[in-house]
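Next comes input.cif, a file with mmCIF, C-alpha atoms.
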data_data
#
loop_
_atom_site.label_atom_id
_atom_site.label_comp_id
_atom_site.auth_asym_id
_atom_site.auth_seq_id
_atom_site.Cartn_x
_atom_site.Cartn_y
_atom_site.Cartn_z
CA MET S 2 -7.09 -39.23 3.13
CA THR S 3 -6.01 -35.75 4.11
CA ALA S 4 -3.11 -35.81 6.53
CA GLY S 5 -3.94 -35.35 10.17
CA LEU S 6 -7.68 -35.96 9.95
CA ALA S 7 -7.74 -39.73 10.13
CA LEU S 8 -9.88 -41.51 12.69
CA GLY S 9 -8.49 -44.96 11.92
CA GLY S 10 -8.76 -47.43 14.78
CA GLN S 11 -11.47 -45.44 16.53
CA VAL S 12 -14.96 -46.73 17.19
CA ALA S 13 -17.85 -44.28 17.14
CA LEU S 14 -21.50 -44.44 18.14
CA VAL S 15 -23.66 -41.85 16.38
CA THR S 16 -27.30 -41.35 17.37
CA GLY S 17 -29.99 -39.90 15.14
CA ALA S 18 -28.12 -41.35 12.18
CA ALA S 19 -31.09 -42.07 9.91
CA SER S 20 -31.04 -38.64 8.33
CA GLY S 21 -29.69 -35.10 8.40
CA ILE S 22 -26.72 -34.24 10.59
CA GLY S 23 -26.55 -37.71 12.16
CA ALA S 24 -26.44 -39.47 8.80
CA ALA S 25 -23.79 -37.06 7.48
CA THR S 26 -21.72 -37.51 10.64
CA ALA S 27 -21.86 -41.30 10.57
CA ALA S 28 -20.82 -41.27 6.91
CA LEU S 29 -17.98 -38.80 7.41
CA LEU S 30 -16.53 -40.53 10.47
CA ALA S 31 -16.59 -43.81 8.54
CA ALA S 32 -14.95 -42.14 5.53
CA ARG S 33 -12.16 -40.94 7.84
CA GLY S 34 -11.54 -44.49 8.98
CA ALA S 35 -13.65 -44.91 12.11
CA ARG S 36 -15.84 -47.94 12.63
CA VAL S 37 -19.31 -46.58 13.30
CA LEU S 38 -22.40 -47.93 15.01
CA ALA S 39 -25.14 -45.75 13.55
CA THR S 40 -28.27 -45.72 15.68
CA ASP S 41 -31.72 -44.24 15.31
CA ILE S 42 -35.17 -44.62 16.78
CA ARG S 43 -36.07 -45.90 13.31
CA ALA S 44 -34.22 -49.22 13.02
CA GLY S 45 -33.38 -50.90 9.73
CA ASN S 46 -31.21 -49.92 6.77
CA GLY S 47 -28.17 -50.85 8.80
CA LEU S 48 -29.26 -48.66 11.73
CA PHE S 49 -29.32 -50.03 15.25
CA GLY S 50 -32.71 -49.35 16.83
CA HIS S 51 -32.17 -46.95 19.73
CA ASP S 52 -34.53 -44.74 21.71
CA VAL S 53 -32.15 -42.28 23.40
CA THR S 54 -34.65 -41.49 26.15
CA ASP S 55 -34.46 -45.07 27.43
CA ALA S 56 -31.54 -45.94 29.74
CA GLY S 57 -31.89 -49.63 28.89
CA ALA S 58 -31.64 -48.84 25.20
CA TRP S 59 -28.35 -47.03 25.84
CA ASP S 60 -26.97 -50.11 27.57
CA GLU S 61 -28.03 -52.18 24.57
CA ALA S 62 -26.49 -49.78 22.06
CA VAL S 63 -23.15 -49.58 23.88
CA THR S 64 -23.14 -53.35 24.36
CA ALA S 65 -23.85 -53.85 20.65
CA CYS S 66 -21.08 -51.42 19.71
CA VAL S 67 -18.55 -53.22 21.91
CA ALA S 68 -19.71 -56.64 20.67
CA ARG S 69 -19.32 -55.53 17.06
CA PHE S 70 -16.16 -53.40 17.21
CA GLY S 71 -14.54 -54.22 20.56
CA ARG S 72 -14.68 -50.77 22.14
CA LEU S 73 -16.12 -47.24 22.12
CA ASP S 74 -13.99 -44.14 21.56
CA ILE S 75 -16.41 -41.53 20.22
CA LEU S 76 -20.02 -40.73 21.05
CA VAL S 77 -21.91 -38.21 18.94
CA CYS S 78 -25.36 -37.26 20.23
CA CYS S 79 -27.25 -36.11 17.14
CA ALA S 80 -30.69 -37.48 17.92
CA GLY S 81 -33.10 -34.60 18.02
CA THR S 82 -36.58 -33.42 17.33
CA ALA S 83 -37.89 -29.98 16.53
CA ALA S 84 -40.84 -28.09 17.92
CA ALA S 85 -41.91 -24.51 17.39
CA GLY S 86 -44.67 -22.56 19.02
CA ARG S 87 -45.64 -19.76 21.36
CA VAL S 88 -45.17 -20.28 25.05
CA VAL S 89 -48.77 -19.39 25.91
CA GLU S 90 -49.90 -22.30 23.78
CA LEU S 91 -47.11 -24.68 24.76
CA SER S 92 -48.19 -27.89 26.42
CA LEU S 93 -46.20 -29.38 29.26
CA GLU S 94 -46.09 -32.61 27.24
CA SER S 95 -44.41 -30.86 24.31
CA PHE S 96 -41.96 -29.09 26.62
CA ARG S 97 -41.12 -32.38 28.28
CA ALA S 98 -40.69 -34.18 24.96
CA GLN S 99 -37.96 -31.71 23.96
CA ALA S 100 -36.20 -32.03 27.30
CA ARG S 101 -36.44 -35.82 27.19
CA VAL S 102 -34.70 -36.20 23.83
CA HIS S 103 -32.16 -33.40 23.96
CA VAL S 104 -31.29 -33.25 27.66
CA GLU S 105 -32.14 -36.63 29.18
CA GLY S 106 -31.14 -38.47 26.00
CA ALA S 107 -27.68 -36.90 25.99
CA PHE S 108 -27.41 -37.28 29.78
CA LEU S 109 -28.02 -41.00 29.53
CA GLY S 110 -25.67 -41.27 26.56
CA MET S 111 -22.82 -39.42 28.23
CA LYS S 112 -23.18 -41.63 31.32
CA ALA S 113 -23.23 -44.84 29.28
CA ALA S 114 -20.31 -43.78 27.07
CA ALA S 115 -18.14 -42.51 29.93
CA ALA S 116 -18.75 -45.72 31.85
CA GLN S 117 -17.66 -47.79 28.84
CA MET S 118 -14.58 -45.61 28.32
CA GLU S 119 -13.68 -46.14 31.97
CA ARG S 120 -14.02 -49.90 31.54
CA GLN S 121 -11.51 -49.76 28.68
CA GLY S 122 -8.65 -48.72 30.96
CA ALA S 123 -7.22 -45.92 33.06
CA PRO S 124 -7.08 -43.10 32.43
CA ALA S 125 -10.35 -43.32 30.55
CA ALA S 126 -10.13 -41.68 27.15
CA GLY S 127 -12.47 -40.75 24.34
CA THR S 128 -14.49 -37.96 22.81
CA ILE S 129 -18.12 -37.05 23.30
CA VAL S 130 -19.72 -34.46 21.03
CA THR S 131 -23.23 -33.23 21.59
CA VAL S 132 -25.15 -31.40 18.89
CA ALA S 133 -27.12 -28.47 20.29
CA SER S 134 -28.19 -25.37 18.36
CA VAL S 135 -27.68 -21.63 18.17
CA ALA S 136 -31.23 -21.60 19.53
CA GLY S 137 -29.63 -22.58 22.83
CA LEU S 138 -27.19 -19.67 22.72
CA LYS S 139 -29.43 -16.80 21.68
CA PRO S 140 -33.18 -16.38 22.11
CA ILE S 141 -35.31 -17.14 19.07
CA MET S 142 -39.07 -16.65 18.86
CA GLN S 143 -41.12 -19.80 19.35
CA THR S 144 -38.28 -21.96 20.59
CA THR S 145 -39.23 -22.06 24.27
CA ALA S 146 -39.19 -25.84 24.33
CA TYR S 147 -36.47 -26.53 21.75
CA GLY S 148 -34.13 -23.64 22.65
CA THR S 149 -34.44 -24.20 26.39
CA ALA S 150 -33.60 -27.87 25.95
CA LYS S 151 -30.61 -27.02 23.73
CA ALA S 152 -29.33 -24.45 26.27
CA ALA S 153 -29.52 -27.12 28.96
CA LEU S 154 -27.60 -29.49 26.69
CA ILE S 155 -24.86 -26.88 26.13
CA ALA S 156 -24.53 -26.29 29.89
CA MET S 157 -24.56 -29.99 30.70
CA THR S 158 -21.85 -30.77 28.14
CA GLY S 159 -19.59 -28.04 29.54
CA ALA S 160 -20.18 -29.10 33.13
CA LEU S 161 -19.39 -32.75 32.43
CA ALA S 162 -16.30 -31.78 30.41
CA ARG S 163 -14.85 -30.10 33.47
CA GLU S 164 -15.98 -32.81 35.86
CA LEU S 165 -14.35 -35.58 33.84
CA ALA S 166 -11.16 -33.56 33.35
CA ALA S 167 -10.94 -32.82 37.08
CA ALA S 168 -11.42 -36.53 37.75
CA GLY S 169 -8.27 -37.21 35.75
CA THR S 170 -9.86 -38.80 32.70
CA ARG S 171 -8.92 -37.96 29.14
CA ILE S 172 -12.53 -37.96 28.03
CA ARG S 173 -13.03 -34.71 26.18
CA LEU S 174 -16.41 -33.16 25.53
CA HIS S 175 -17.49 -30.59 22.99
CA CYS S 176 -20.77 -29.12 21.88
CA VAL S 177 -21.46 -28.14 18.28
CA CYS S 178 -24.20 -25.56 17.76
CA PRO S 179 -25.56 -25.55 14.21
CA GLY S 180 -27.29 -22.54 12.80
CA GLY S 181 -29.94 -22.95 10.14
CA THR S 182 -29.22 -26.32 8.57
CA ARG S 183 -31.30 -27.93 5.87
CA THR S 184 -32.30 -31.38 7.07
CA PRO S 185 -35.48 -33.44 7.02
CA MET S 186 -36.11 -32.16 10.57
CA THR S 187 -35.95 -28.48 9.60
CA GLU S 188 -37.72 -29.06 6.30
CA ALA S 189 -40.72 -30.05 8.39
CA LEU S 190 -40.71 -26.48 9.78
CA TYR S 191 -39.53 -24.57 6.69
CA ASP S 192 -40.48 -25.78 3.23
CA GLY S 193 -38.32 -25.99 0.12
CA ALA S 194 -39.23 -22.47 -1.00
CA TYR S 195 -37.74 -21.06 2.21
CA TRP S 196 -34.39 -22.79 1.68
CA ALA S 197 -34.31 -21.84 -2.00
CA ASP S 198 -34.76 -18.10 -1.38
CA PRO S 199 -31.42 -16.31 -0.80
CA LYS S 200 -33.28 -13.40 0.83
CA ASN S 201 -33.83 -15.56 3.88
CA PHE S 202 -30.07 -15.75 4.43
CA ALA S 203 -29.00 -12.32 3.20
CA ALA S 204 -28.58 -10.96 6.74
CA LEU S 205 -26.06 -13.65 7.67
CA PRO S 206 -22.38 -12.79 7.26
CA LEU S 207 -21.87 -15.88 5.09
CA ARG S 208 -25.27 -15.47 3.34
CA ASP S 209 -26.03 -19.16 3.24
CA TYR S 210 -27.48 -21.96 5.33
CA CYS S 211 -25.50 -24.96 6.56
CA ARG S 212 -25.56 -28.37 4.97
CA PRO S 213 -25.40 -31.45 7.21
CA ALA S 214 -21.84 -32.04 5.96
CA ASP S 215 -20.74 -28.68 7.44
CA ILE S 216 -21.82 -29.82 10.90
CA ALA S 217 -20.29 -33.27 10.36
CA GLU S 218 -16.94 -31.66 9.47
CA ALA S 219 -16.94 -29.71 12.75
CA ILE S 220 -17.68 -32.89 14.69
CA ALA S 221 -14.96 -34.85 12.86
CA PHE S 222 -12.45 -32.06 13.55
CA LEU S 223 -13.23 -32.14 17.27
CA CYS S 224 -12.87 -35.95 17.34
CA ALA S 225 -9.51 -36.04 15.53
CA PRO S 226 -6.53 -37.09 17.68
CA GLU S 227 -4.75 -33.82 16.85
CA ALA S 228 -7.60 -31.90 18.49
CA ALA S 229 -7.08 -33.66 21.83
CA GLY S 230 -5.46 -30.53 23.26
CA LEU S 231 -8.50 -28.31 22.74
CA MET S 232 -10.40 -26.85 25.66
CA PRO S 233 -14.04 -27.99 25.82
CA ALA S 234 -15.63 -26.06 22.96
CA THR S 235 -19.08 -24.73 22.28
CA LEU S 236 -18.63 -24.25 18.57
CA ALA S 237 -21.21 -22.43 16.48
CA VAL S 238 -21.34 -23.59 12.86
CA ASP S 239 -23.86 -21.11 11.63
CA GLY S 240 -22.71 -18.91 8.77
CA GLY S 241 -22.29 -16.11 11.30
CA TRP S 242 -25.85 -16.31 12.59
CA MET S 243 -24.69 -15.59 16.15
CA LEU S 244 -23.15 -12.31 14.97
CA SER S 245 -26.22 -10.99 13.22
CA ASN S 246 -28.45 -8.40 14.86
CA ARG S 247 -31.07 -8.71 12.17
CA ILE S 248 -32.25 -12.24 12.81
CA MET W 28 -3.15 -35.65 0.20
CA SER W 29 -2.57 -36.17 -3.47
CA GLY W 30 -2.20 -33.09 -5.64
CA VAL W 31 -0.10 -30.21 -4.43
CA ALA W 32 -1.87 -27.10 -3.18
CA ALA W 33 -5.34 -28.46 -3.88
CA LEU W 34 -6.80 -25.97 -1.44
CA GLY W 35 -5.09 -22.83 -2.78
CA MET W 36 -2.53 -20.61 -1.13
CA ALA W 37 -2.36 -19.59 2.51
CA VAL W 38 -0.14 -16.77 3.71
CA VAL W 39 1.22 -17.37 7.22
CA THR W 40 2.65 -14.33 8.98
CA GLY W 41 4.87 -14.75 12.00
CA ALA W 42 6.00 -17.97 10.35
CA GLN W 43 9.26 -18.12 12.29
CA THR W 44 7.53 -18.36 15.64
CA ALA W 45 6.86 -21.83 17.06
CA VAL W 46 3.13 -21.39 16.47
CA GLY W 47 3.58 -20.01 12.97
CA ALA W 48 5.91 -22.83 11.97
CA ALA W 49 3.57 -25.52 13.34
CA VAL W 50 0.54 -24.03 11.63
CA ALA W 51 2.34 -23.59 8.31
CA ALA W 52 3.41 -27.24 8.36
CA ARG W 53 -0.08 -28.38 9.21
CA LEU W 54 -1.62 -26.32 6.41
CA GLU W 55 0.80 -27.87 3.93
CA ALA W 56 0.01 -31.36 5.18
CA GLU W 57 -3.69 -30.67 4.59
CA GLY W 58 -3.18 -29.53 1.01
CA PHE W 59 -2.61 -25.79 1.14
CA GLU W 60 0.28 -24.14 -0.64
CA VAL W 61 1.88 -21.95 2.02
CA MET W 62 3.75 -18.69 1.73
CA ARG W 63 5.70 -18.07 4.91
CA VAL W 64 6.27 -14.47 5.98
CA ALA W 65 8.90 -14.35 8.69
CA ALA W 66 7.77 -11.00 10.07
CA ASP W 67 4.55 -10.79 12.02
CA ALA W 68 1.64 -8.74 10.71
CA ARG W 69 2.86 -5.53 12.33
CA ASP W 70 5.37 -5.35 9.47
CA GLU W 71 2.87 -3.87 7.07
CA ALA W 72 5.30 -3.61 4.14
CA ALA W 73 6.30 -7.27 4.36
CA MET W 74 2.70 -8.37 4.57
CA GLU W 75 1.58 -6.22 1.68
CA ALA W 76 4.43 -7.50 -0.47
CA ALA W 77 3.56 -11.12 0.31
CA LEU W 78 -0.13 -10.65 -0.43
CA GLY W 79 0.77 -8.91 -3.66
CA ARG W 80 2.95 -11.81 -4.75
CA VAL W 81 0.24 -14.38 -4.02
CA GLY W 82 -2.41 -12.49 -5.94
CA ALA W 83 -5.53 -14.38 -6.96
CA ARG W 84 -4.31 -17.70 -5.55
CA LEU W 85 -4.99 -16.36 -2.03
CA VAL W 86 -7.56 -18.34 -0.03
CA ALA W 87 -6.41 -17.85 3.57
CA VAL W 88 -4.33 -15.57 5.75
CA VAL W 89 -3.11 -16.89 9.09
CA ASN W 90 -1.58 -14.38 11.50
CA ALA W 91 0.73 -15.89 14.09
CA GLY W 92 2.87 -14.17 16.70
CA GLU W 93 5.17 -14.85 19.62
CA GLY W 94 2.38 -14.74 22.16
CA PRO W 95 2.54 -13.11 25.57
CA VAL W 96 4.48 -14.56 28.47
CA ASP W 97 2.99 -14.96 31.93
CA THR W 98 3.12 -11.71 33.88
CA ALA W 99 1.36 -11.47 37.22
CA PHE W 100 -0.74 -8.41 38.02
CA LYS W 101 1.75 -6.76 40.38
CA ALA W 102 4.62 -7.36 37.96
CA THR W 103 2.79 -5.88 34.98
CA SER W 104 4.14 -2.40 34.32
CA GLY W 105 2.36 -0.01 31.98
CA GLU W 106 5.15 -0.58 29.53
CA ARG W 107 4.76 -4.34 29.72
CA PHE W 108 1.00 -4.09 29.29
CA ARG W 109 1.41 -1.94 26.19
CA ALA W 110 3.98 -4.34 24.72
CA VAL W 111 1.58 -7.28 25.05
CA TRP W 112 -1.29 -5.23 23.63
CA GLU W 113 0.75 -4.27 20.59
CA ALA W 114 2.18 -7.75 20.04
CA GLU W 115 -1.20 -9.46 20.29
CA VAL W 116 -4.07 -7.06 19.59
CA GLU W 117 -2.47 -4.56 17.23
CA ARG W 118 -0.73 -7.39 15.36
CA VAL W 119 -4.05 -9.10 14.71
CA VAL W 120 -5.87 -5.88 13.83
CA LEU W 121 -3.20 -4.92 11.31
CA GLY W 122 -3.04 -8.45 9.89
CA THR W 123 -6.81 -8.61 9.53
CA ARG W 124 -6.91 -5.20 7.89
CA ALA W 125 -4.25 -6.10 5.33
CA ALA W 126 -5.91 -9.44 4.56
CA LEU W 127 -9.36 -7.88 4.21
CA ARG W 128 -7.98 -5.27 1.83
CA ALA W 129 -6.41 -8.02 -0.27
CA PHE W 130 -9.61 -10.09 -0.38
CA ARG W 131 -11.67 -6.99 -1.14
CA ASN W 132 -9.41 -6.09 -4.05
CA LEU W 133 -9.50 -9.65 -5.38
CA GLY W 134 -13.25 -9.91 -4.98
CA THR W 135 -12.87 -13.49 -3.83
CA GLY W 136 -13.92 -15.11 -0.60
CA GLY W 137 -11.52 -16.62 1.84
CA ALA W 138 -10.59 -17.02 5.47
CA ILE W 139 -8.59 -15.03 7.99
CA VAL W 140 -7.44 -17.06 10.97
CA ASN W 141 -5.86 -15.06 13.74
CA LEU W 142 -3.72 -16.78 16.34
CA ALA W 143 -3.00 -15.59 19.85
CA GLY W 144 -1.03 -16.94 22.74
CA HIS W 145 -1.64 -18.45 26.13
CA GLY W 146 0.04 -16.18 28.66
CA ARG W 147 -1.51 -15.59 32.07
CA GLY W 148 -1.96 -12.30 33.83
CA PRO W 149 -3.91 -9.12 33.14
CA ALA W 150 -2.21 -8.09 29.90
CA ALA W 151 -2.69 -11.45 28.24
CA ALA W 152 -6.26 -11.69 29.53
CA ALA W 153 -7.11 -8.23 28.23
CA ALA W 154 -5.61 -9.09 24.86
CA ALA W 155 -7.52 -12.37 24.65
CA GLY W 156 -10.83 -10.70 25.47
CA ALA W 157 -10.20 -7.90 23.02
CA LEU W 158 -9.25 -10.36 20.30
CA ASP W 159 -12.29 -12.59 20.81
CA HIS W 160 -14.53 -9.60 20.25
CA PHE W 161 -12.44 -7.94 17.57
CA CYS W 162 -12.76 -11.10 15.47
CA ARG W 163 -16.54 -11.08 15.88
CA ILE W 164 -16.71 -7.46 14.76
CA ALA W 165 -14.34 -8.08 11.85
CA ALA W 166 -16.38 -11.15 10.85
CA VAL W 167 -19.47 -8.98 10.46
CA GLU W 168 -17.60 -6.51 8.27
CA ALA W 169 -15.92 -9.31 6.31
CA GLY W 170 -19.32 -10.82 5.63
CA GLY W 171 -20.29 -7.58 3.91
CA LEU W 172 -17.70 -7.92 1.15
CA ALA W 173 -18.82 -8.87 -2.35
CA ALA W 174 -17.66 -12.41 -1.63
CA PRO W 175 -17.87 -13.08 2.11
CA VAL W 176 -14.65 -13.60 4.03
CA ARG W 177 -14.56 -15.52 7.31
CA VAL W 178 -12.67 -14.23 10.37
CA THR W 179 -11.88 -16.52 13.30
CA LEU W 180 -9.50 -16.72 16.25
CA ALA W 181 -7.59 -19.67 17.66
CA ARG W 182 -5.66 -19.06 20.85
CA GLY W 183 -3.79 -20.90 23.56
CA GLY W 184 -1.57 -23.76 22.55
CA GLN W 185 0.68 -24.45 25.51
CA GLY W 186 2.84 -27.57 25.30
CA ALA W 187 3.13 -30.08 22.48
CA ALA W 188 -0.50 -31.22 22.60
CA GLY W 189 -1.73 -27.64 22.79
CA LEU W 190 0.38 -26.59 19.85
CA ALA W 191 -0.83 -29.54 17.78
CA ALA W 192 -4.44 -28.70 18.64
CA LEU W 193 -3.93 -25.04 17.78
CA ALA W 194 -2.46 -26.00 14.40
CA ALA W 195 -5.32 -28.46 13.74
CA ALA W 196 -7.84 -25.76 14.65
CA ALA W 197 -6.18 -23.21 12.38
CA ALA W 198 -6.24 -25.64 9.46
CA TYR W 199 -9.90 -26.49 10.06
CA LEU W 200 -10.85 -22.82 10.29
CA ALA W 201 -8.77 -21.80 7.25
CA GLY W 202 -10.17 -24.34 4.81
CA PRO W 203 -13.34 -25.65 3.23
CA ARG W 204 -14.18 -27.93 6.15
CA GLY W 205 -14.90 -24.79 8.17
CA ARG W 206 -16.63 -22.90 5.38
CA MET W 207 -19.70 -22.02 7.50
CA VAL W 208 -17.74 -20.99 10.60
CA THR W 209 -17.04 -17.32 11.27
CA GLY W 210 -16.61 -15.02 14.26
CA VAL W 211 -15.74 -17.88 16.62
CA THR W 212 -12.85 -18.44 19.02
CA VAL W 213 -11.37 -21.91 19.45
CA ILE W 214 -9.09 -22.38 22.45
CA ALA W 215 -6.33 -24.94 22.86
CA GLY W 216 -5.70 -25.78 26.49
CA GLU W 217 -6.68 -27.89 29.47
CA ALA W 218 -10.29 -28.04 30.59
CA ARG W 219 -10.75 -25.77 33.60
#
Before we go any further, please render this structure as structure tokens.
Amino acid sequence: MTAGLALGGQVALVTGAASGIGAATAALLAARGARVLATDIRAGNGLFGHDVTDAGAWDEAVTACVARFGRLDILVCCAGTAAAGRVVELSLESFRAQARVHVEGAFLGMKAAAAQMERQGAPAAGTIVTVASVAGLKPIMQTTAYGTAKAALIAMTGALARELAAAGTRIRLHCVCPGGTRTPMTEALYDGAYWADPKNFAALPLRDYCRPADIAEAIAFLCAPEAAGLMPATLAVDGGWMLSNRI
Amino acid sequence: MSGVAALGMAVVTGAQTAVGAAVAARLEAEGFEVMRVAADARDEAAMEAALGRVGARLVAVVNAGEGPVDTAFKATSGERFRAVWEAEVERVVLGTRAALRAFRNLGTGGAIVNLAGHGRGPAAAAAAGALDHFCRIAAVEAGGLAAPVRVTLARGGQGAAGLAALAAAAAYLAGPRGRMVTGVTVIAGEAR
């Protein structure tokens, strides 16, 4: 284990852990020594069944985590769903579905996790990382539902970070904003030929797309004890996508 | 970490400052070989000599400095403002330029991590804002090299916890864990 990165003794709950960024994050946190409850709406394969839009399901997930590992120190909200389309054709149902998962899901999760961290002693301590998107930082065509939900998630994470700090807790919150990342979710929007063609990434400063492990590394860094002195971060992991004028 | 210098060599300028020393130690603990340059990056000859000695082993350049002290608006003379600007902004610009020239000549990719301080007052605020944006601009240019180079900024770092966080951030940004991160600022400090 590389010095200074260990998460030994910490207990993490990672949502959306069946695939993509969530799966990579659950695996990396475990590799760094954390005990991890990996949850997903698709139960099985060692995953705890968990619909993040359901407040009762959050209570069950946190209860299961505490029953299994004794506590909760880290929450990573990875559960997400993609949608693309023009606003004139956007249905209210589709818009709401994005908000439910990304905004309400994280809202319920942050409430449930902070409450558990407060039960563990004063001052409450822990780390909550939400996974948003560069689509919530900069406008992208056809992301009215997805990008708007991610922008709300970024704002909500920052607001709660300051609220919990002002309340005297040591619960720290960060938001990681991936750029184009090849996952089963994004492969549903862009096929294998898209990811295989370097021309699609040539305008990015780093000329490549992110792998789930790149996002997981950012999350693990923010959760490490040595990072406790960071200000609440909105960290883009995007190959320089935010810097590019040509995308 | 087993295996010395598994991550390649990092040059740390301003290595005698508290920040530089903490970051250099952290980089070593994470598996970098570290060349410490006592002078900060405004000493162009010292920096050029160090980069020349490292040669093709270079993977990261970390530019540390003393950092500005708190100076309230009314107490900030023109002379004081200029001193902070030179010690923070010009130091980072010169350090980035020297590092980019070295990476360009090597034709290899790498990372430049610039560090800035946590002072309060108009001079420190101006420097911080200028540095945030300078690093974004430099990151675009650095991405245009034959092998892309990443440019990031970590600033703040007051107190023991802040210094540890700044060092952890610098190590993350300098190495392979942060390989898709460029043009960002990470800040060590209290939520506010």
Original post:
Quick one: residues within 8 Å of range 119-124 of chain W, all atoms listed in the file counted, chain neighbours fewer than 4 positions away excluded, as a PyMOL selection string?
Top reply: chain W and resi 68-69+71+74+90+115+128+139+141-142+158+161+165
**OP:** Would you mind listing what lies within 12 Å of range 193-209 of chain S as a PyMOL selection string, with all atoms listed in the file counted and same-chain residues fewer than 2 positions away left out?
**Re:** (chain S and resi 180-185+187-191+211-212+215+238-248) or (chain W and resi 136-138+163-178+205-210)
**OP:** Name the residues that the PyMOL selection byres ((chain W) within 6 of (chain S)) pulls out of this structure, and write them as an NGL selection string.
**Re:** :W and (28 or 56-57 or 167 or 170 or 175 or 188-189 or 191-192 or 204 or 207-209 or 214-219)
C-alpha atoms of the current selection, written as a PDB file, keeping the file's coordinate frame:
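New file out-v2.pdb:
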ATOM      1  CA  MET W  28      -3.150 -35.650   0.200  1.00  0.00           C
ATOM      2  CA  ALA W  56       0.010 -31.360   5.180  1.00  0.00           C
ATOM      3  CA  GLU W  57      -3.690 -30.670   4.590  1.00  0.00           C
ATOM      4  CA  VAL W 167     -19.470  -8.980  10.460  1.00  0.00           C
ATOM      5  CA  GLY W 170     -19.320 -10.820   5.630  1.00  0.00           C
ATOM      6  CA  PRO W 175     -17.870 -13.080   2.110  1.00  0.00           C
ATOM      7  CA  ALA W 188      -0.500 -31.220  22.600  1.00  0.00           C
ATOM      8  CA  GLY W 189      -1.730 -27.640  22.790  1.00  0.00           C
ATOM      9  CA  ALA W 191      -0.830 -29.540  17.780  1.00  0.00           C
ATOM     10  CA  ALA W 192      -4.440 -28.700  18.640  1.00  0.00           C
ATOM     11  CA  ARG W 204     -14.180 -27.930   6.150  1.00  0.00           C
ATOM     12  CA  MET W 207     -19.700 -22.020   7.500  1.00  0.00           C
ATOM     13  CA  VAL W 208     -17.740 -20.990  10.600  1.00  0.00           C
ATOM     14  CA  THR W 209     -17.040 -17.320  11.270  1.00  0.00           C
ATOM     15  CA  ILE W 214      -9.090 -22.380  22.450  1.00  0.00           C
ATOM     16  CA  ALA W 215      -6.330 -24.940  22.860  1.00  0.00           C
ATOM     17  CA  GLY W 216      -5.700 -25.780  26.490  1.00  0.00           C
ATOM     18  CA  GLU W 217      -6.680 -27.890  29.470  1.00  0.00           C
ATOM     19  CA  ALA W 218     -10.290 -28.040  30.590  1.00  0.00           C
ATOM     20  CA  ARG W 219     -10.750 -25.770  33.600  1.00  0.00           C
TER      21      ARG W 219
END
**OP:** Apply the PyMOL selection byres ((chain S and resi 20) around 10) to the file shown and report the selected residues as a ChimeraX atom specification.
**Re:** /S:17-19,21-27,41,79-80,184-186,213
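Excluding range 110-116 of chain S and any residue on its chain fewer than 6 positions from it, the residues at most 7 Å away by all atoms listed in the file are S:Trp59, S:Asp60, S:Leu76.
With CA of Arg120 in chain S on one side and CA of Ala107 in chain S on the other, the separation reads 19.7 Å.
For the pair CA of Thr54 in chain S and CA of Leu93 in chain S, the interatomic distance is 17.0 Å.
CA of Leu73 in chain S is positioned 6.6 Å from CA of Met118 in chain S.
Using all atoms listed in the file, the shortest contact distance between Val135 in chain S and any of S:Ala58, S:Ala31, S:Cys176, S:Leu161 is found at S:Cys176.
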Subject >> Selection dump of the PyMOL selection byres ((chain W and resi 145) around 10), as a ChimeraX atom specification >> reply: /W:94-97,143-144,146-148,151-152,155,182-185,189,214-216
Could you give me the axis-aligned bounding box of range 164-183 of chain W, with 5 Å of padding per side, as centre plus edge lengths in Å to one decimal, as lines of an AutoDock Vina configuration file?
center_x = -12.0
center_y = -13.7
center_z = 10.6
size_x = 26.5
size_y = 24.4
size_z = 35.9
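Remark: for Glu75 in chain W, the closest of the candidate residues W:Met36, W:Leu127, W:Ala52, W:Val116 is W:Leu127 (distances computed over only C-alpha atoms).
Here the selection is built from only C-alpha atoms, and the residues within 10 Å of (-6.1, -18.9, -8.7) turn out to be Gly35, Met36, Val81, Gly82, Ala83, Arg84, Leu85, Val86 and Thr135 of chain W.
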Hey, can you spit out that residue selection with C-alpha atoms as a PDB file, in the coordinates of the input?
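Written out: selection.pdb:
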ATOM      1  CA  GLY W  35      -5.090 -22.830  -2.780  1.00  0.00           C
ATOM      2  CA  MET W  36      -2.530 -20.610  -1.130  1.00  0.00           C
ATOM      3  CA  VAL W  81       0.240 -14.380  -4.020  1.00  0.00           C
ATOM      4  CA  GLY W  82      -2.410 -12.490  -5.940  1.00  0.00           C
ATOM      5  CA  ALA W  83      -5.530 -14.380  -6.960  1.00  0.00           C
ATOM      6  CA  ARG W  84      -4.310 -17.700  -5.550  1.00  0.00           C
ATOM      7  CA  LEU W  85      -4.990 -16.360  -2.030  1.00  0.00           C
ATOM      8  CA  VAL W  86      -7.560 -18.340  -0.030  1.00  0.00           C
ATOM      9  CA  THR W 135     -12.870 -13.490  -3.830  1.00  0.00           C
TER      10      THR W 135
END
Original post:
Which residue, S:Ala123, S:Ala44, S:Ile155, S:Leu91, has the smallest gap to Leu138 in chain S when you use all atoms listed in the file?
Top reply: S:Ile155
**OP:** Compile the contact shell of Gln117 in chain S as a PyMOL selection string: residues with an atom at most 10 Å away, counting only C-alpha atoms, same-chain residues fewer than 6 positions apart removed.
**Re:** chain S and resi 60+63-64+67+72-74+111+125-127
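Proximity to Val12 in chain S was assessed for S:Gln99, S:Thr82, S:Thr128, S:Ser92 counting only C-alpha atoms; the smallest distance is recorded for S:Thr128.
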